[in-house]
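*Asks:* First the structure, then my questions, so here it is.
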Amino acid sequence: MASGVLAAAQYVSANILLLLGSVSLFVGGWTPFVVILLIMVFGSFADEISGDDWDRLGDRARTFFNVNLYLSLPLMCLLAVLLALFSRDHGFMGQPLQTIGGIWVAGYLFALVGATVGHELTHRQGRLPQTAAHLLLGFTGNTSFVIYHVHVHHRQVGMYDDASTARRGERLRSFVARAIYRQFTQAAQVEAARLRRRGLPVWSRHNRLIQAHAAPLAIFAAVAAIGGPFAILVFGLAAILGRLFHELVNFVQHFGLVRAENAPIRPRHSWDCYRRVSNVLHYNLPRHSDHHMFATKPFWRLDALEDTPMLPYGYQTMATFALIPPLWRHVMRGLLKDWDARFASEAEREIIRSRGWDGLA
């Protein structure tokens, strides 16, 4: 168990990237591309040479961890404000490549920080963490995640109908389309069922899914007030890009894994990755098996497990592979063959055979 100052302080890295992204938008010009290059090098090359981290952090730094999590929200707001000002200054006839740089760096950080920290807080009870989670996820317009993730994904993970479990043979574009549509509709079904059980109308102020969309609407309104019409377009593109980055990571986390109906969730139903940089930037989310076993564990208590399906590279490297289908299939085919042999139950092997998934990636 690690509890030193340096072990705790490294988790400020994502917020440092947020600050650098904000500075790049403030400076303007080609500066966002400098941050993009840094992110690509830091998140992939540095990740692969950093080695694996098997330590679990103690509770001594829990106050720091919590403050650092909540600090992400004002920093995300700062990034959005500067993106709006960046858009206003560039205007409709500005430099298109520089605008792309601003969209890219903001979209990546909306996913890395907004979705990751929003996910962490989604699993916590109370008005403060839930409000912060909605706002953070609002930067990618994905506030239905708060309902879907807890009430559907954590129950259906690995099953055929789970919107966030990529199926064998499923291409990235098909997965993203299915995930975005099904996550929203499943969240709507969960909320409708909850309201009916309570004898309340579905279309009413009691509907938490309707309430949740106040966050992205408020963010868009603030961006419009600051930057005008072009800022809405630029922010909207950054939000869409951030959502796509988020679903790209979802694609990696459970790709091709199978769980029989009503079977208990086990560590074998998630791909783990213990690369140090991946874990630091994603608040230990790559320790995904333990997260699915104990969903309410705060990120610093998540364990690196000895006998669990392992990705051969860090999150950003694997996400890059997923964008190159032949390379992705080549890497995952061997991993899935090993999973079938070493981890799958007999019921899961039967599902794989019946669907013609043997040897498929």
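Every chain in the structure tokens has a letter given in the order shown (A, B, ...), and although residue numbers restart at 1 in each chain, ligands are simply numbered from 1 in the order shown.
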Neighbours of region 70-82 of chain A within 9 Å (only C-alpha atoms; same-chain residues fewer than 2 positions away dropped), as a ChimeraX atom specification?
*Replies:* /A:14-15,18-19,21-23,25-26,65-68,84-87,106,109-110,113-114,117,129,132-133,135-136,139,219,222-223,226-227,235
*Asks:* Show me, as a PyMOL selection string, the residues that have an atom within 8 Å of Val157 (chain A) when counting only C-alpha atoms, minus same-chain residues fewer than 2 positions from it.
*Replies:* chain A and resi 153-155+159+162+164-165+254+259+265+269
*Asks:* Please, could you write that set of residues out with all heavy atoms as a compact mmCIF listing (two decimals), in the first residue's frame?
*Replies:*
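Result written to selection_32.txt:
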# COMPACT_ATOMS: atom_id res chain seq x y z
N HIS A 153 -25.60 -0.45 -16.78
CA HIS A 153 -24.28 -1.00 -17.13
C HIS A 153 -23.73 -1.88 -16.01
O HIS A 153 -23.20 -2.96 -16.28
CB HIS A 153 -23.31 0.13 -17.45
CG HIS A 153 -21.92 -0.36 -17.75
ND1 HIS A 153 -21.64 -1.24 -18.78
CD2 HIS A 153 -20.73 -0.10 -17.14
CE1 HIS A 153 -20.34 -1.50 -18.80
NE2 HIS A 153 -19.76 -0.83 -17.81
N HIS A 154 -23.83 -1.43 -14.78
CA HIS A 154 -23.25 -2.21 -13.68
C HIS A 154 -24.05 -3.48 -13.38
O HIS A 154 -23.60 -4.30 -12.60
CB HIS A 154 -23.11 -1.34 -12.44
CG HIS A 154 -21.78 -0.64 -12.38
ND1 HIS A 154 -20.70 -1.15 -11.72
CD2 HIS A 154 -21.36 0.53 -12.94
CE1 HIS A 154 -19.67 -0.33 -11.86
NE2 HIS A 154 -20.05 0.71 -12.59
N ARG A 155 -25.19 -3.63 -14.00
CA ARG A 155 -25.96 -4.87 -13.87
C ARG A 155 -25.82 -5.75 -15.09
O ARG A 155 -25.86 -6.98 -14.99
CB ARG A 155 -27.44 -4.54 -13.62
CG ARG A 155 -27.67 -3.79 -12.31
CD ARG A 155 -29.13 -3.44 -12.12
NE ARG A 155 -29.35 -2.71 -10.87
CZ ARG A 155 -30.52 -2.26 -10.46
NH1 ARG A 155 -31.61 -2.46 -11.20
NH2 ARG A 155 -30.63 -1.61 -9.32
N MET A 159 -23.07 -8.63 -20.94
CA MET A 159 -24.21 -9.27 -21.59
C MET A 159 -24.45 -8.66 -22.98
O MET A 159 -24.05 -7.53 -23.25
CB MET A 159 -25.47 -9.11 -20.74
CG MET A 159 -25.41 -9.86 -19.42
SD MET A 159 -26.97 -9.71 -18.50
CE MET A 159 -26.57 -10.64 -17.01
N ASP A 162 -26.04 -5.12 -23.26
CA ASP A 162 -25.45 -3.96 -22.59
C ASP A 162 -24.90 -2.99 -23.62
O ASP A 162 -24.09 -3.36 -24.48
CB ASP A 162 -24.33 -4.41 -21.65
CG ASP A 162 -23.67 -3.22 -20.96
OD1 ASP A 162 -24.41 -2.32 -20.51
OD2 ASP A 162 -22.43 -3.18 -20.89
N SER A 164 -22.82 -0.62 -23.35
CA SER A 164 -21.42 -0.24 -23.21
C SER A 164 -20.46 -1.41 -23.31
O SER A 164 -19.26 -1.26 -23.06
CB SER A 164 -21.20 0.48 -21.86
OG SER A 164 -21.82 1.74 -21.87
N THR A 165 -20.96 -2.59 -23.65
CA THR A 165 -20.09 -3.74 -23.90
C THR A 165 -20.02 -3.97 -25.40
O THR A 165 -21.01 -4.36 -26.03
CB THR A 165 -20.62 -5.00 -23.20
OG1 THR A 165 -20.66 -4.79 -21.78
CG2 THR A 165 -19.73 -6.19 -23.51
N HIS A 254 -14.50 -3.34 -22.34
CA HIS A 254 -15.15 -4.66 -22.22
C HIS A 254 -15.20 -5.40 -23.55
O HIS A 254 -15.94 -6.38 -23.69
CB HIS A 254 -16.57 -4.50 -21.68
CG HIS A 254 -16.66 -3.82 -20.35
ND1 HIS A 254 -16.35 -4.47 -19.18
CD2 HIS A 254 -17.01 -2.56 -20.02
CE1 HIS A 254 -16.51 -3.62 -18.16
NE2 HIS A 254 -16.91 -2.46 -18.65
N ARG A 259 -20.71 -12.53 -20.77
CA ARG A 259 -21.23 -12.95 -19.47
C ARG A 259 -22.60 -13.58 -19.67
O ARG A 259 -23.46 -13.00 -20.36
CB ARG A 259 -21.32 -11.75 -18.53
CG ARG A 259 -21.95 -12.06 -17.18
CD ARG A 259 -21.76 -10.90 -16.21
NE ARG A 259 -22.85 -10.84 -15.26
CZ ARG A 259 -23.71 -9.83 -15.16
NH1 ARG A 259 -23.60 -8.78 -15.94
NH2 ARG A 259 -24.67 -9.87 -14.27
N ILE A 265 -21.25 -11.06 -11.63
CA ILE A 265 -20.15 -10.30 -12.23
C ILE A 265 -18.85 -10.72 -11.57
O ILE A 265 -18.75 -10.81 -10.35
CB ILE A 265 -20.38 -8.79 -12.06
CG1 ILE A 265 -21.64 -8.36 -12.82
CG2 ILE A 265 -19.18 -7.99 -12.56
CD1 ILE A 265 -22.09 -6.94 -12.51
N HIS A 269 -14.81 -10.11 -16.41
CA HIS A 269 -15.72 -9.42 -17.33
C HIS A 269 -15.29 -8.00 -17.68
O HIS A 269 -16.06 -7.22 -18.26
CB HIS A 269 -17.14 -9.42 -16.74
CG HIS A 269 -17.70 -10.80 -16.58
ND1 HIS A 269 -18.16 -11.30 -15.39
CD2 HIS A 269 -17.84 -11.82 -17.49
CE1 HIS A 269 -18.57 -12.55 -15.55
NE2 HIS A 269 -18.39 -12.87 -16.81
*Asks:* To one decimal place, how far is CA of Val105 (chain A) from CA of Ile210 (chain A) in Å?
*Replies:*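 Between CA of Val105 (chain A) and CA of Ile210 (chain A) the gap works out to 29.4 Å.
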*Asks:* With only C-alpha atoms as the basis for distance, which of A:Phe230, A:Arg127, A:Glu247, A:Arg208 is at the shortest distance from Ile180 (chain A)?
*Replies:*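 Closest to Ile180 (chain A), using only C-alpha atoms: A:Glu247.
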*Asks:* Of the candidates A:His292, A:Asn284, A:Gly169, A:Gln98, which one gets nearest to Val27 (chain A) if we count only C-alpha atoms?
*Replies:* A:Gln98
*Asks:* Which polymer residues have any atom within 7 Å of an atom of Arg268 (chain A), counting only C-alpha atoms, with same-chain residues fewer than 6 positions away left out, as a PyMOL selection string?
*Replies:* chain A and resi 308-309+343
*Asks:* Nearest to Leu83 (chain A) among A:Val252, A:Arg173, A:Gly102, A:Trp30, with distances taken over only C-alpha atoms: which residue is it?
*Replies:*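 Result for the nearest residue to Leu83 (chain A): A:Gly102.
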*Asks:* What does the distance between CA of Trp339 (chain A) and CA of Arg276 (chain A) come to in Å, to one decimal place?
*Replies:*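 CA of Trp339 (chain A) sits 23.6 Å away from CA of Arg276 (chain A).
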*Asks:* Would you mind listing what lies within 8 Å of region 236-241 of chain A as a list in words, with only C-alpha atoms counted and same-chain residues fewer than 2 positions away left out?
*Replies:*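 What passes the distance filter is Ile103, Trp104, Ala106, Gly107, Tyr108, Phe110, Phe139, Thr140, Gly141, Ile232, Leu233, Val234, Arg243, Leu244 and Phe245 of chain A.
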*Asks:* Could you give me, as a PyMOL selection string, the residues within 6 Å of Leu311 (chain A), counting only C-alpha atoms and dropping anything in the same chain fewer than 2 positions from it?
*Replies:* chain A and resi 272-273+313
*Asks:* Point out the residue among A:Leu323, A:Leu302, A:Leu360, A:Ala215 with the least atom-to-atom distance to Trp54 (chain A), counting only C-alpha atoms.
*Replies:*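 Of A:Leu323, A:Leu302, A:Leu360, A:Ala215, the one nearest Trp54 (chain A) is A:Leu302, counting only C-alpha atoms.
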*Asks:* Restricting the calculation to only C-alpha atoms: of A:Ala179, A:Leu112, A:Ile49, A:Ile36, which residue gets closest to Tyr283 (chain A)?
*Replies:* A:Leu112
*Asks:* Take CA of Gly314 (chain A) and CA of Leu57 (chain A) and report the distance between them in Å, one decimal.
*Replies:* 20.0 Å
*Asks:* Residues near Phe64 (chain A), anyone? I mean within 10 Å using only C-alpha atoms, not counting same-chain ones fewer than 4 positions away, as a list in words.
*Replies:*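 After dropping sequence-adjacent residues, the list is Ala8, Ala9, Tyr11, Val12, Asp59, Arg60, Asn68 and Leu69 of chain A.
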